[in-house]
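**Student:** Got protein-v9.txt for you, compact mmCIF, C-alpha atoms:
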# COMPACT_ATOMS: atom_id res chain seq x y z
CA MET W 1 0.00 0.00 0.00
CA HIS W 2 2.78 2.45 0.89
CA ASP W 3 4.09 2.69 -2.66
CA GLY W 4 0.75 4.20 -3.68
CA VAL W 5 1.84 7.53 -2.23
CA ALA W 6 3.61 8.60 -5.43
CA ALA W 7 0.63 7.71 -7.62
CA TYR W 8 -1.62 9.43 -5.11
CA VAL W 9 0.36 12.64 -5.02
CA LEU W 10 0.46 12.70 -8.83
CA GLY W 11 -3.30 12.11 -9.00
CA VAL W 12 -2.99 9.12 -11.32
CA LEU W 13 -4.87 6.49 -9.30
CA ASP W 14 -8.32 5.35 -10.40
CA ASP W 15 -11.11 6.83 -8.25
CA GLU W 16 -11.54 3.71 -6.17
CA GLU W 17 -7.84 3.34 -5.47
CA HIS W 18 -7.49 7.04 -4.81
CA GLU W 19 -10.13 6.84 -2.11
CA ALA W 20 -8.64 3.67 -0.69
CA PHE W 21 -5.26 5.34 -0.47
CA GLU W 22 -6.73 8.34 1.33
CA ARG W 23 -8.20 6.03 3.94
CA HIS W 24 -4.79 4.39 4.32
CA LEU W 25 -3.23 7.83 4.66
CA ASP W 26 -5.44 8.62 7.62
CA THR W 27 -3.62 6.08 9.75
CA CYS W 28 -0.19 5.71 8.11
CA GLU W 29 2.38 8.12 9.47
CA ARG W 30 4.99 6.94 7.02
CA CYS W 31 2.81 7.84 4.05
CA GLN W 32 1.83 11.12 5.68
CA ALA W 33 5.51 12.04 5.96
CA GLU W 34 6.13 11.02 2.35
CA LEU W 35 3.14 13.00 1.17
CA VAL W 36 4.60 16.13 2.76
CA GLU W 37 7.95 15.43 1.11
CA LEU W 38 6.50 14.81 -2.34
CA ALA W 39 3.63 17.29 -2.35
CA GLU W 40 5.32 19.92 -4.49
CA LEU W 41 7.18 17.60 -6.84
CA PRO W 42 4.27 17.44 -9.33
CA ASP W 43 4.48 21.22 -9.63
CA GLN W 44 8.02 20.81 -10.83
CA LEU W 45 6.89 18.28 -13.41
CA ASP W 46 4.26 20.82 -14.43
CA GLU W 47 7.10 23.10 -15.45
CA LEU W 48 7.66 20.59 -18.24
CA LYS W 49 3.99 20.23 -19.08
CA ASN W 50 3.35 23.94 -19.26
CA SER W 51 6.60 24.96 -20.81
CA PRO W 52 6.22 26.12 -24.43
CA SER W 53 7.46 23.42 -26.71
CA SER W 54 7.83 22.77 -30.37
CA THR W 55 4.83 20.92 -31.69
CA SER W 56 5.89 17.80 -33.42
CA GLY W 57 3.95 15.10 -35.18
CA ASP W 58 6.79 12.69 -34.75
CA ASP W 59 6.49 9.63 -32.61
CA PRO W 60 7.84 10.25 -29.16
CA PRO W 61 11.43 9.10 -28.82
CA MET W 62 10.75 6.76 -25.98
CA SER W 63 12.83 3.72 -26.61
CA MET W 64 11.81 0.77 -24.53
CA SER W 65 15.26 0.20 -23.11
CA HIS W 66 16.73 -2.04 -25.81
CA MET V 14 -19.01 32.97 -7.79
CA CYS V 15 -18.89 31.44 -4.38
CA PRO V 16 -22.38 30.17 -3.60
CA VAL V 17 -21.43 28.59 -0.30
CA LEU V 18 -20.49 32.02 1.03
CA GLY V 19 -23.19 33.89 -0.82
CA HIS V 20 -25.54 34.34 2.08
CA LEU V 21 -23.19 34.06 5.01
CA ASP V 22 -24.43 36.56 7.52
CA GLY V 23 -22.47 35.75 10.65
CA ARG V 24 -25.33 34.03 12.48
CA PHE V 25 -25.28 30.28 12.93
CA GLU V 26 -28.86 29.30 13.37
CA SER V 27 -28.49 26.01 11.60
CA ALA V 28 -25.94 23.34 10.85
CA ASP V 29 -25.79 24.75 7.35
CA ALA V 30 -24.84 28.17 8.58
CA GLU V 31 -22.14 26.71 10.78
CA ALA V 32 -20.84 24.70 7.87
CA GLU V 33 -20.68 27.85 5.79
CA HIS V 34 -18.78 29.57 8.55
CA ARG V 35 -16.24 26.76 8.68
CA ILE V 36 -15.74 26.89 4.95
CA ALA V 37 -15.29 30.64 5.23
CA VAL V 38 -12.55 30.03 7.79
CA LEU V 39 -10.91 27.50 5.49
CA TYR V 40 -11.01 30.07 2.69
CA GLN V 41 -9.38 32.61 4.91
CA GLU V 42 -6.63 30.28 5.93
CA PHE V 43 -5.86 28.41 2.73
CA GLY V 44 -7.79 30.10 -0.07
CA GLY V 45 -5.18 32.63 -1.14
CA PRO V 46 -2.11 30.38 -1.18
CA LEU V 47 -4.09 27.58 -2.78
CA LEU V 48 -5.42 29.85 -5.53
CA ARG V 49 -1.91 31.12 -6.33
CA HIS V 50 -0.78 27.54 -6.51
CA VAL V 51 -3.66 26.18 -8.56
CA ARG V 52 -3.45 29.00 -11.11
CA LYS V 53 -0.12 27.64 -12.21
CA SER V 54 -1.70 24.34 -13.19
CA THR V 55 -4.76 25.84 -14.86
CA GLY V 56 -2.57 27.82 -17.22
CA ASN V 57 -3.60 31.00 -15.39
CA ASP V 58 -7.30 30.35 -16.03
CA LEU V 59 -8.55 32.26 -12.98
CA GLN V 60 -12.18 31.16 -13.15
CA TRP V 61 -11.20 27.51 -13.39
CA ALA V 62 -8.66 27.96 -10.58
CA GLU V 63 -11.31 29.54 -8.33
CA ASP V 64 -13.68 26.65 -8.99
CA VAL V 65 -10.92 24.18 -8.14
CA VAL V 66 -10.11 25.98 -4.88
CA GLN V 67 -13.76 26.03 -3.93
CA GLU V 68 -14.22 22.33 -4.60
CA THR V 69 -11.00 21.53 -2.74
CA LEU V 70 -12.10 23.42 0.35
CA VAL V 71 -15.55 21.88 0.28
CA ARG V 72 -13.91 18.44 0.20
CA ALA V 73 -11.64 19.50 3.05
CA TRP V 74 -14.66 20.51 5.05
CA ARG V 75 -16.32 17.16 4.34
CA ASN V 76 -13.21 15.42 5.67
CA SER V 77 -12.80 17.69 8.62
CA ALA V 78 -10.96 15.09 10.72
CA ARG V 79 -7.98 15.70 8.42
CA LEU V 80 -8.00 19.35 9.39
CA GLN V 81 -6.63 18.25 12.77
CA TRP V 82 -3.39 17.28 11.04
CA GLU V 83 -0.24 19.37 11.19
CA PRO V 84 -0.39 22.39 8.86
CA SER V 85 2.33 20.98 6.56
CA LEU V 86 0.33 17.79 6.10
CA ILE V 87 -2.96 19.64 5.60
CA TRP V 88 -1.27 21.77 2.95
CA ALA V 89 0.23 18.73 1.21
CA TRP V 90 -3.17 17.04 1.21
CA LEU V 91 -4.97 20.14 -0.09
CA LEU V 92 -2.44 20.48 -2.92
CA THR V 93 -3.01 16.84 -3.82
CA VAL V 94 -6.80 17.15 -3.70
CA ALA V 95 -6.66 20.30 -5.86
CA ARG V 96 -4.31 18.68 -8.35
CA ARG V 97 -6.61 15.72 -8.72
CA ILE V 98 -9.54 18.05 -9.40
CA VAL V 99 -7.52 19.89 -12.05
CA ILE V 100 -6.52 16.61 -13.69
CA ASP V 101 -10.12 15.35 -13.68
CA GLY V 102 -11.22 18.63 -15.23
CA ARG V 103 -8.57 18.42 -17.90
CA ARG V 104 -9.49 14.84 -18.70
CA ARG V 105 -13.14 15.80 -19.05
CA LYS V 106 -12.27 18.76 -21.24
CA SER V 107 -10.09 16.70 -23.48
CA VAL V 108 -12.16 14.95 -26.15
CA ARG V 109 -9.38 12.61 -27.10
CA PRO V 110 -7.16 12.33 -24.03
CA GLN V 111 -5.13 9.48 -25.48
CA GLU V 112 -3.94 11.70 -28.28
CA VAL V 113 -2.84 14.64 -26.20
CA GLU V 114 0.91 14.68 -26.38
CA PRO V 115 2.93 16.42 -23.69
CA PRO V 116 6.06 18.29 -24.60
CA GLU V 117 8.85 15.82 -25.13
CA VAL V 118 11.62 15.96 -22.61
CA ASP V 119 14.21 16.08 -25.35
CA MET V 120 12.49 18.75 -27.38
CA MET V 121 11.79 21.45 -24.88
CA SER V 122 12.28 24.92 -26.20
CA VAL V 123 13.36 26.99 -23.25
CA PRO V 124 13.27 30.75 -23.59
CA ASP V 125 16.25 32.52 -22.04
CA GLY V 126 16.10 34.59 -18.94
CA SER V 127 13.14 32.88 -17.33
CA GLU V 128 13.39 31.29 -13.94
CA ARG V 129 10.58 29.02 -14.97
CA ALA V 130 12.34 27.89 -18.11
CA LEU V 131 15.46 27.23 -16.09
CA SER V 132 13.44 25.15 -13.72
CA ALA V 133 11.90 23.21 -16.61
CA MET V 134 15.39 22.54 -17.92
CA VAL V 135 16.61 21.30 -14.55
CA VAL V 136 13.60 18.99 -14.24
CA ALA V 137 14.08 17.72 -17.80
CA ASP V 138 17.73 16.99 -17.01
CA ALA V 139 16.78 15.17 -13.84
CA LEU V 140 14.22 13.07 -15.70
CA ARG V 141 16.83 12.15 -18.27
CA SER V 142 19.15 10.90 -15.56
CA LEU V 143 16.58 8.44 -14.24
CA SER V 144 16.62 4.84 -15.34
CA GLU V 145 14.59 4.09 -18.45
CA GLU V 146 12.01 2.17 -16.40
CA HIS V 147 11.51 5.05 -14.00
CA ARG V 148 11.37 7.77 -16.64
CA GLN V 149 8.98 5.72 -18.73
CA VAL V 150 6.31 5.38 -16.04
CA ILE V 151 6.50 9.07 -15.11
CA GLU V 152 6.09 10.03 -18.76
CA HIS V 153 3.29 7.59 -19.41
CA THR V 154 1.26 8.55 -16.33
CA TYR V 155 1.51 12.08 -15.02
CA LEU V 156 3.04 13.80 -18.02
CA ARG V 157 0.32 12.39 -20.28
CA ASP V 158 -2.58 12.75 -17.85
CA ARG V 159 -3.05 9.00 -17.74
CA THR V 160 -3.96 6.80 -14.81
CA ILE V 161 -1.86 3.88 -13.63
CA SER V 162 -4.31 1.45 -15.27
CA GLU V 163 -4.22 3.24 -18.61
CA ALA V 164 -0.44 3.40 -18.59
CA ALA V 165 -0.23 -0.28 -17.59
CA GLU V 166 -2.33 -1.27 -20.56
CA ILE V 167 -0.31 0.82 -22.99
CA LEU V 168 3.02 -0.39 -21.63
CA GLY V 169 1.87 -3.99 -21.31
CA ILE V 170 2.98 -4.33 -17.69
CA PRO V 171 0.88 -4.98 -14.57
CA PRO V 172 -0.62 -1.92 -12.82
CA GLY V 173 1.15 -2.89 -9.59
CA THR V 174 4.47 -2.72 -11.42
CA VAL V 175 3.67 0.72 -12.83
CA LYS V 176 2.70 1.91 -9.37
CA SER V 177 5.82 0.56 -7.75
CA ARG V 178 8.16 1.90 -10.49
CA LEU V 179 6.43 5.24 -10.19
CA TYR V 180 7.13 5.26 -6.48
CA TYR V 181 10.83 4.56 -6.86
CA GLY V 182 11.09 6.84 -9.88
CA ILE V 183 9.48 9.75 -8.08
CA ARG V 184 11.68 9.19 -5.02
CA ALA V 185 14.74 9.18 -7.25
CA LEU V 186 13.59 12.31 -9.05
CA ARG V 187 13.03 14.04 -5.75
CA GLU V 188 16.56 13.12 -4.61
CA LEU V 189 18.04 14.43 -7.85
CA LEU V 190 16.15 17.71 -7.63
CA ARG V 191 17.07 18.10 -3.99
CA ASP V 192 20.72 17.64 -4.84
CA LYS V 193 20.34 20.40 -7.41
CA GLY V 194 18.77 22.62 -4.81
CA VAL V 195 15.43 22.82 -6.58
CA ALA V 196 13.24 20.75 -4.32
CA GLY V 197 12.38 22.19 -0.92
As structure tokens - that is how I would like this structure written.

**Tutor:**
Amino acid sequence: MHDGVAAYVLGVLDDEEHEAFERHLDTCERCQAELVELAELPDQLDELKNSPSSTSGDDPPMSMSH
Amino acid sequence: MCPVLGHLDGRFESADAEAEHRIAVLYQEFGGPLLRHVRKSTGNDLQWAEDVVQETLVRAWRNSARLQWEPSLIWAWLLTVARRIVIDGRRRKSVRPQEVEPPEVDMMSVPDGSERALSAMVVADALRSLSEEHRQVIEHTYLRDRTISEAAEILGIPPGTVKSRLYYGIRALRELLRDKGVAG
């Protein structure tokens, strides 16, 4: 359950899992501490999302580690 | 604009009025900072940001036990609740969410002289220094507005694996950014 904190803070859990994680959070001090640590990290990733970028129709260069 | 406060008159004759008062207090305490924060993720859309703040604080009020937490934890939770509301809104607004492409890490155009651009560059660098597995799950979830399940399907790996890689990837990213003095 603890590793859900990253997905939770990023908001990428399904509704059901998101709610389940919040209930876990209510009683898990470890996850509470990690939530505080990670809370602003998504904002930093937003710098990438919101940053003006060249629009490209090319396939994303995401090699699958081969 | 803020119906819950619309007829607040300072008297608490009913549970509703008391609830409104509590939400007003929440607004006072967290509204401003939260709005400044949320505006960044709504692309400065003020109306949208105000709606998100309102919904966030109403949810906070509904989960008032959490308001007994330490302020740093309340703040972290509020940010997370607000972010989730923004993401849900963006997913609803997007007709074809699967086809929305985020800026590629390798193709960022970063204007000079902007603190924000510098920050984007630092984050892009940090992402590039992660392992392929870690970078991949961050890109395929958060950066593309996809859930764990959606990313798992696209990547052909179990959702639990995506979740776990995301955890270690995000921890690693946080360490990298902290070393660079960007993370708080």

**Student:** Determine, counting only C-alpha atoms, which protein, DNA and RNA residues have an atom within 9 Å of an atom of range 90-99 of chain V; residues of the same chain fewer than 3 positions away are not included. Present the result as number ranges by chain.

**Tutor:** W: 8-12, 32, 35-36, 39-40, 42; V: 43, 47, 50-51, 54-55, 61-62, 65-66, 68-70, 72-73, 79, 85-87, 102-104

**Student:** Figure out the distance between CA of Arg105 in chain V and CA of Gln60 in chain V, please, to one decimal in Å.

**Tutor:**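 Rounded to one decimal, the two atoms are 16.5 Å apart.
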
**Student:** In Å, rounded to a single decimal, give me how far CA of Val5 in chain W is from CA of His24 in chain W.

**Tutor:** 9.8 Å

**Student:** To one decimal place, how far is CA of Ile100 in chain V from CA of Arg35 in chain V in Å?

**Tutor:**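 Atom-to-atom, CA of Ile100 in chain V to CA of Arg35 in chain V, that is 26.4 Å.
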
**Student:** Please provide as a PyMOL selection string all residues within 10 Å of Ala139 in chain V, with the sequence filter that same-chain residues fewer than 3 positions apart are discarded (counting only C-alpha atoms).

**Tutor:** chain V and resi 133-136+142-143+148+185-190+193

**Student:** Compute the distance from (-1.0, 12.3, -16.9) to each atom, counting all atoms listed in the file, keep the residues with any atom at most 10 Å away, and return them as a short mmCIF file (atom, residue, chain, number, x, y, z; two decimals) with C-alpha atoms, in the coordinates of the input; use the coordinates of the file.

**Tutor:**
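Saved result, point-v2.cif, follows:
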data_model
loop_
_atom_site.label_atom_id
_atom_site.label_comp_id
_atom_site.auth_asym_id
_atom_site.auth_seq_id
_atom_site.Cartn_x
_atom_site.Cartn_y
_atom_site.Cartn_z
CA LEU W 10 0.46 12.70 -8.83
CA GLY W 11 -3.30 12.11 -9.00
CA VAL W 12 -2.99 9.12 -11.32
CA LYS W 49 3.99 20.23 -19.08
CA ILE V 100 -6.52 16.61 -13.69
CA ARG V 103 -8.57 18.42 -17.90
CA ARG V 104 -9.49 14.84 -18.70
CA PRO V 110 -7.16 12.33 -24.03
CA GLN V 111 -5.13 9.48 -25.48
CA VAL V 113 -2.84 14.64 -26.20
CA GLU V 114 0.91 14.68 -26.38
CA PRO V 115 2.93 16.42 -23.69
CA ILE V 151 6.50 9.07 -15.11
CA GLU V 152 6.09 10.03 -18.76
CA HIS V 153 3.29 7.59 -19.41
CA THR V 154 1.26 8.55 -16.33
CA TYR V 155 1.51 12.08 -15.02
CA LEU V 156 3.04 13.80 -18.02
CA ARG V 157 0.32 12.39 -20.28
CA ASP V 158 -2.58 12.75 -17.85
CA ARG V 159 -3.05 9.00 -17.74
CA THR V 160 -3.96 6.80 -14.81
CA ILE V 161 -1.86 3.88 -13.63
CA GLU V 163 -4.22 3.24 -18.61
CA ALA V 164 -0.44 3.40 -18.59
#

**Student:** Between V:Lys176, V:His147, V:Arg191, V:Arg52, which residue has the minimum interatomic distance to chain W, considering only C-alpha atoms?

**Tutor:**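 Comparing V:Lys176, V:His147, V:Arg191, V:Arg52 against chain W, the winner is V:Lys176.
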
**Student:** Considering all atoms listed in the file, can you say which of V:Asp58, V:Tyr40, V:Leu131, V:Arg178 comes closest to Glu47 in chain W?

**Tutor:**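 Comparing V:Asp58, V:Tyr40, V:Leu131, V:Arg178 against Glu47 in chain W, the winner is V:Leu131.
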
**Student:** Please, what is the axis-aligned box for every listed atom of range 159-167 of chain V with 8 Å on each side, as centre and edge lengths in Å to one decimal, as JSON?

**Tutor:**
{"center_x": -2.3, "center_y": 3.9, "center_z": -18.3, "size_x": 20.1, "size_y": 26.3, "size_z": 25.4}

**Student:** Pick the closest to Ala78 in chain V from W:Asp14, W:Cys31, W:Arg23, W:Ala6: which is it, counting only C-alpha atoms?

**Tutor:**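 When distances to Ala78 in chain V are compared using only C-alpha atoms, the smallest one comes from W:Arg23.
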